[in-house]
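Worksheet: one structure, shown below.
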Amino acid sequence: MLTKVAEGVLVHQSTLLRNNTVVIEGEKGVLLVDPGITEDEMACLANDLAESGRTVVAGFATHPDWDHALWHPAFGDVPRYGTDRCAAYLRDLRSKANWKAGFAEGLPPEIAGEVPVDLFGLITALPAGSTRIPWDGPELRIIEHPGHAPGHAALLVEKCGVLVAGDMLSDVLVPMFDDTADPLEDYLTGLRILDEVAGDVEVVVPGHGAVGGAGQARARIDLDRAYVHAVHDGRTPDDPRIGSSAEPGWEWVSDLHAGQVQRLAQPFGMTQSSRDCPDVKS
């Protein structure tokens with residue numbers, strides 16, 4: 001289940017959407033970042049952690065999309081952190097009377113009925129502007145930035161140069177824009193913020209796709225920036241994640257791209273919702 005990507009940092013990848021769950025080892029236990037998408041996957045991860053003597057002491061959701069704010073009872077009743085905006089978005093979602101029905105309708109049909117819903121989105125908000133997670137483990141710098149979702153944050157494990165990028169910097173998914181007044185400019189701002197730390201990154205772990213080694217953080221930032229500029233200019237992006245070069249099984253990303261272009265009627269002018277275009281084939 002777990003692959004070591006750096007000292008004290010392990011990753012498990014789901015099968016369907018290549019979601020990456022990150023396990024960061026601390027002094028008294030581990031912190032789970034975006035811990036999986038199906039009941040069986042999370043139960044298996046919990047079992048593997050227990051058998052290796054690792055206790056879950058905290059969690060972190062990089063952002064409020066359905067596949068990044070889940071939890072399993074086997075992980076324990078521990079603090080699950082997120083940015084203030086991420087937690088607020090999830091509180092508002094869970095306050096709606098029919099939120100579970102809407103949640104279920106948005107799931108990929110391949111895993112319908114396999115995703116545990118009850119603990120979704122129960123996130124403890126960190127104070128606005130927080131840059132650290134309160135836990136007994138390595139220093140984790142919270143890098144909150146606009147671009148993909150409300151309150152989206154990357155984590156930088158400073159001691160080993162691992163950037164946990166959430167739904168940014170993927171090798172299989174093109175940038176997906178948030179519902180803001182200026183979604184493309186916001187995404188470029190997010191990339192600029194990540195670029196400021198890219199020189200310190202030895203390993204980049206995207207929310208979906210392959211883990212990248214030294215130099216890959218900046219290379220993926222450049223690729224995403226080129227994609228956003230192409231969309232802004234009304235050009236077809238020369239991007240390996242869409243079109244004839246898309247990886248087999250991921251051709252649907254081209255449809256995702258086409259849908260984004262259609263919704264952005266005026267470059268830098270119209271809003272569109274990444275919540276309506278989640279990381280699923282819908």
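Residue names in the structure tokens use chain letters A, B, ... in the order shown, residue numbers from 1 in each chain, and ligand numbers from 1 in the order shown.
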
What parts of segment 94-257 of chain A does DSSP call strand (DSSP E)? I'd like the answer as a list in words.
Thr124, Ala125, Leu140, Arg141, Ile142, Ile143, Glu144, Ala153, Ala154, Leu155, Leu156, Val157, Val162, Leu163, Val164, Val203, Val204 and Val205 of chain A

Check segment 64-220 of chain A with DSSP on the backbone and list each residue it calls helix (DSSP H, G or I), as an NGL selection string.
:A and (66-68 or 73-75 or 84-94 or 99-105 or 109-111 or 183-195 or 198-200 or 216-220)

Which neighbours of Ser130 of chain A fall inside 10 Å, counting only C-alpha atoms, when residues of the same chain fewer than 2 positions from it are skipped, and could you give them as an NGL selection string?
:A and (82-84 or 125-128 or 132-134 or 141-144)

Atom CA of Val30 of chain A to atom CA of Pro150 of chain A: how many Å, to one decimal?
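Separation of atom CA of Val30 of chain A and atom CA of Pro150 of chain A: 25.8 Å.
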
For Phe75 of chain A, please output as number ranges by chain all residues within 7 Å (counting only C-alpha atoms; exclusion window: fewer than 2 positions along the same chain).
A: 46, 56, 72-73

Let's have the selection written as a PDB file, in the first residue's frame, with N, CA and C atoms.
```pdb
ATOM      1  N   ALA A  46      -5.433   1.823   6.979  1.00  0.00           N
ATOM      2  CA  ALA A  46      -5.445   1.834   8.448  1.00  0.00           C
ATOM      3  C   ALA A  46      -4.817   0.561   9.002  1.00  0.00           C
ATOM      4  N   VAL A  56      -2.195   6.927  13.814  1.00  0.00           N
ATOM      5  CA  VAL A  56      -2.623   8.186  13.214  1.00  0.00           C
ATOM      6  C   VAL A  56      -2.915   9.192  14.324  1.00  0.00           C
ATOM      7  N   HIS A  72     -11.981   7.707   7.656  1.00  0.00           N
ATOM      8  CA  HIS A  72     -12.461   6.376   8.014  1.00  0.00           C
ATOM      9  C   HIS A  72     -12.357   6.212   9.527  1.00  0.00           C
ATOM     10  N   PRO A  73     -13.360   5.590  10.173  1.00  0.00           N
ATOM     11  CA  PRO A  73     -13.301   5.424  11.636  1.00  0.00           C
ATOM     12  C   PRO A  73     -12.040   4.715  12.114  1.00  0.00           C
TER      13      PRO A  73
END
```

Skip Gly151 of chain A itself and residues of its chain fewer than 3 positions away, then list as a VMD selection string all residues within 9 Å of it, counting only C-alpha atoms.
chain A and resid 62 to 64 82 to 89 144 to 146 148

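Residue neighbourhood of Gly26 of chain A, excluding near-sequence residues (fewer than 5 positions): Gly8, Leu31, Val57, Trp135, Asp136, Gly137 and Pro138 of chain A, at 9 Å, using only C-alpha atoms.
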
Could the residues in this selection be saved with N, CA and C atoms as a PDB file, in the first residue's frame?
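Heads up, here's the output in again_12.pdb:
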```
ATOM      1  N   GLY A   8      10.748   9.622   6.032  1.00  0.00           N
ATOM      2  CA  GLY A   8       9.600   9.970   6.858  1.00  0.00           C
ATOM      3  C   GLY A   8       8.348  10.338   6.091  1.00  0.00           C
ATOM      4  N   LEU A  31       0.702  11.783  10.372  1.00  0.00           N
ATOM      5  CA  LEU A  31      -0.324  12.684   9.870  1.00  0.00           C
ATOM      6  C   LEU A  31      -0.721  12.195   8.484  1.00  0.00           C
ATOM      7  N   VAL A  57      -2.248  10.339  14.278  1.00  0.00           N
ATOM      8  CA  VAL A  57      -2.444  11.361  15.309  1.00  0.00           C
ATOM      9  C   VAL A  57      -3.112  12.626  14.768  1.00  0.00           C
ATOM     10  N   TRP A 135       1.350  19.912  15.514  1.00  0.00           N
ATOM     11  CA  TRP A 135       1.493  18.487  15.783  1.00  0.00           C
ATOM     12  C   TRP A 135       2.943  18.180  16.132  1.00  0.00           C
ATOM     13  N   ASP A 136       3.187  17.001  16.736  1.00  0.00           N
ATOM     14  CA  ASP A 136       4.528  16.573  17.117  1.00  0.00           C
ATOM     15  C   ASP A 136       5.165  15.836  15.955  1.00  0.00           C
ATOM     16  N   GLY A 137       5.647  16.601  15.009  1.00  0.00           N
ATOM     17  CA  GLY A 137       6.262  16.026  13.829  1.00  0.00           C
ATOM     18  C   GLY A 137       7.104  17.070  13.124  1.00  0.00           C
ATOM     19  N   PRO A 138       7.613  16.733  11.938  1.00  0.00           N
ATOM     20  CA  PRO A 138       8.452  17.696  11.211  1.00  0.00           C
ATOM     21  C   PRO A 138       7.673  18.961  10.861  1.00  0.00           C
TER      22      PRO A 138
END
```

So which residues touch Ala165 of chain A within 9 Å, counting only C-alpha atoms, skipping near sequence neighbours fewer than 4 positions away, as a compact mmCIF listing (two decimals) with all heavy atoms, in the first residue's frame?
```txt
# COMPACT_ATOMS: atom_id res chain seq x y z
N THR A 62 -6.21 19.03 1.95
CA THR A 62 -5.63 20.13 1.19
C THR A 62 -6.70 21.08 0.65
O THR A 62 -6.42 22.26 0.43
CB THR A 62 -4.80 19.61 0.00
OG1 THR A 62 -5.62 18.76 -0.83
CG2 THR A 62 -3.59 18.83 0.49
N ALA A 153 -4.60 24.46 -0.16
CA ALA A 153 -3.27 24.63 0.43
C ALA A 153 -2.37 23.47 0.06
O ALA A 153 -2.79 22.31 0.08
CB ALA A 153 -3.36 24.74 1.95
N ALA A 154 -1.15 23.79 -0.28
CA ALA A 154 -0.10 22.80 -0.40
C ALA A 154 0.62 22.72 0.95
O ALA A 154 0.53 23.64 1.78
CB ALA A 154 0.88 23.18 -1.49
N LEU A 155 1.32 21.61 1.17
CA LEU A 155 2.16 21.45 2.35
C LEU A 155 3.60 21.22 1.92
O LEU A 155 3.85 20.40 1.03
CB LEU A 155 1.71 20.26 3.21
CG LEU A 155 0.37 20.34 3.94
CD1 LEU A 155 0.13 19.05 4.71
CD2 LEU A 155 0.34 21.53 4.88
N LEU A 156 4.52 21.92 2.55
CA LEU A 156 5.94 21.69 2.30
C LEU A 156 6.56 21.06 3.53
O LEU A 156 6.58 21.65 4.61
CB LEU A 156 6.64 23.01 1.97
CG LEU A 156 8.15 22.89 1.68
CD1 LEU A 156 8.40 22.03 0.45
CD2 LEU A 156 8.77 24.28 1.51
N LEU A 169 -0.34 20.70 -10.06
CA LEU A 169 0.91 20.10 -10.53
C LEU A 169 0.80 18.61 -10.84
O LEU A 169 1.70 17.83 -10.58
CB LEU A 169 2.04 20.34 -9.51
CG LEU A 169 2.19 21.76 -8.97
CD1 LEU A 169 3.45 21.87 -8.12
CD2 LEU A 169 2.21 22.77 -10.10
N SER A 170 -0.32 18.22 -11.45
CA SER A 170 -0.54 16.83 -11.83
C SER A 170 0.05 16.56 -13.21
O SER A 170 0.06 17.42 -14.08
CB SER A 170 -2.03 16.52 -11.85
OG SER A 170 -2.28 15.24 -12.38
N LEU A 194 3.45 28.89 -5.57
CA LEU A 194 4.16 27.61 -5.51
C LEU A 194 5.57 27.72 -6.09
O LEU A 194 6.50 27.08 -5.62
CB LEU A 194 3.36 26.55 -6.26
CG LEU A 194 2.01 26.17 -5.64
CD1 LEU A 194 1.30 25.14 -6.51
CD2 LEU A 194 2.18 25.63 -4.22
N VAL A 204 7.74 16.22 -5.51
CA VAL A 204 6.42 16.82 -5.56
C VAL A 204 5.39 15.70 -5.65
O VAL A 204 5.51 14.79 -6.46
CB VAL A 204 6.28 17.81 -6.74
CG1 VAL A 204 6.57 17.14 -8.08
CG2 VAL A 204 4.89 18.43 -6.76
N VAL A 205 4.38 15.77 -4.77
CA VAL A 205 3.31 14.78 -4.73
C VAL A 205 2.01 15.49 -5.10
O VAL A 205 1.46 16.24 -4.29
CB VAL A 205 3.18 14.12 -3.34
CG1 VAL A 205 2.13 13.01 -3.39
CG2 VAL A 205 4.51 13.57 -2.86
N PRO A 206 1.49 15.27 -6.31
CA PRO A 206 0.23 15.89 -6.69
C PRO A 206 -0.94 15.14 -6.08
O PRO A 206 -0.80 14.00 -5.63
CB PRO A 206 0.24 15.75 -8.21
CG PRO A 206 0.97 14.47 -8.45
CD PRO A 206 2.04 14.40 -7.38
N GLY A 207 -2.10 15.75 -6.09
CA GLY A 207 -3.29 15.06 -5.61
C GLY A 207 -3.64 13.87 -6.46
O GLY A 207 -4.19 12.88 -5.98
```

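Among the candidates A:Gly59, A:Gly53, A:Pro237, A:Gly106, the one nearest to Asp224 of chain A when counting only C-alpha atoms is A:Pro237.
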
Hey, can you check how far atom CA of Ala6 of chain A sits from atom CA of Pro35 of chain A?
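Result for atom CA of Ala6 of chain A versus atom CA of Pro35 of chain A: 18.2 Å, one decimal.
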
From the list A:Ser95, A:Asp239, A:Met1, A:Ala69, which residue is nearest Leu49 of chain A when using only C-alpha atoms?
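Closest candidate: A:Met1.
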
Which residues of segment 106-218 of chain A have any atom within 6 Å of an atom in segment 37-40 of chain A when counting only C-alpha atoms, and what is the closest pair of atoms for each, with the distance in Å to one decimal? Order the rows by chain and rising number and write it as a Markdown table.
```
| residue | atom | partner | partner_atom | distance |
| --- | --- | --- | --- | --- |
| A:Glu114 | CA | A:Thr38 | CA | 5.4 |
| A:Val115 | CA | A:Thr38 | CA | 4.5 |
| A:Pro116 | CA | A:Glu39 | CA | 5.8 |
```
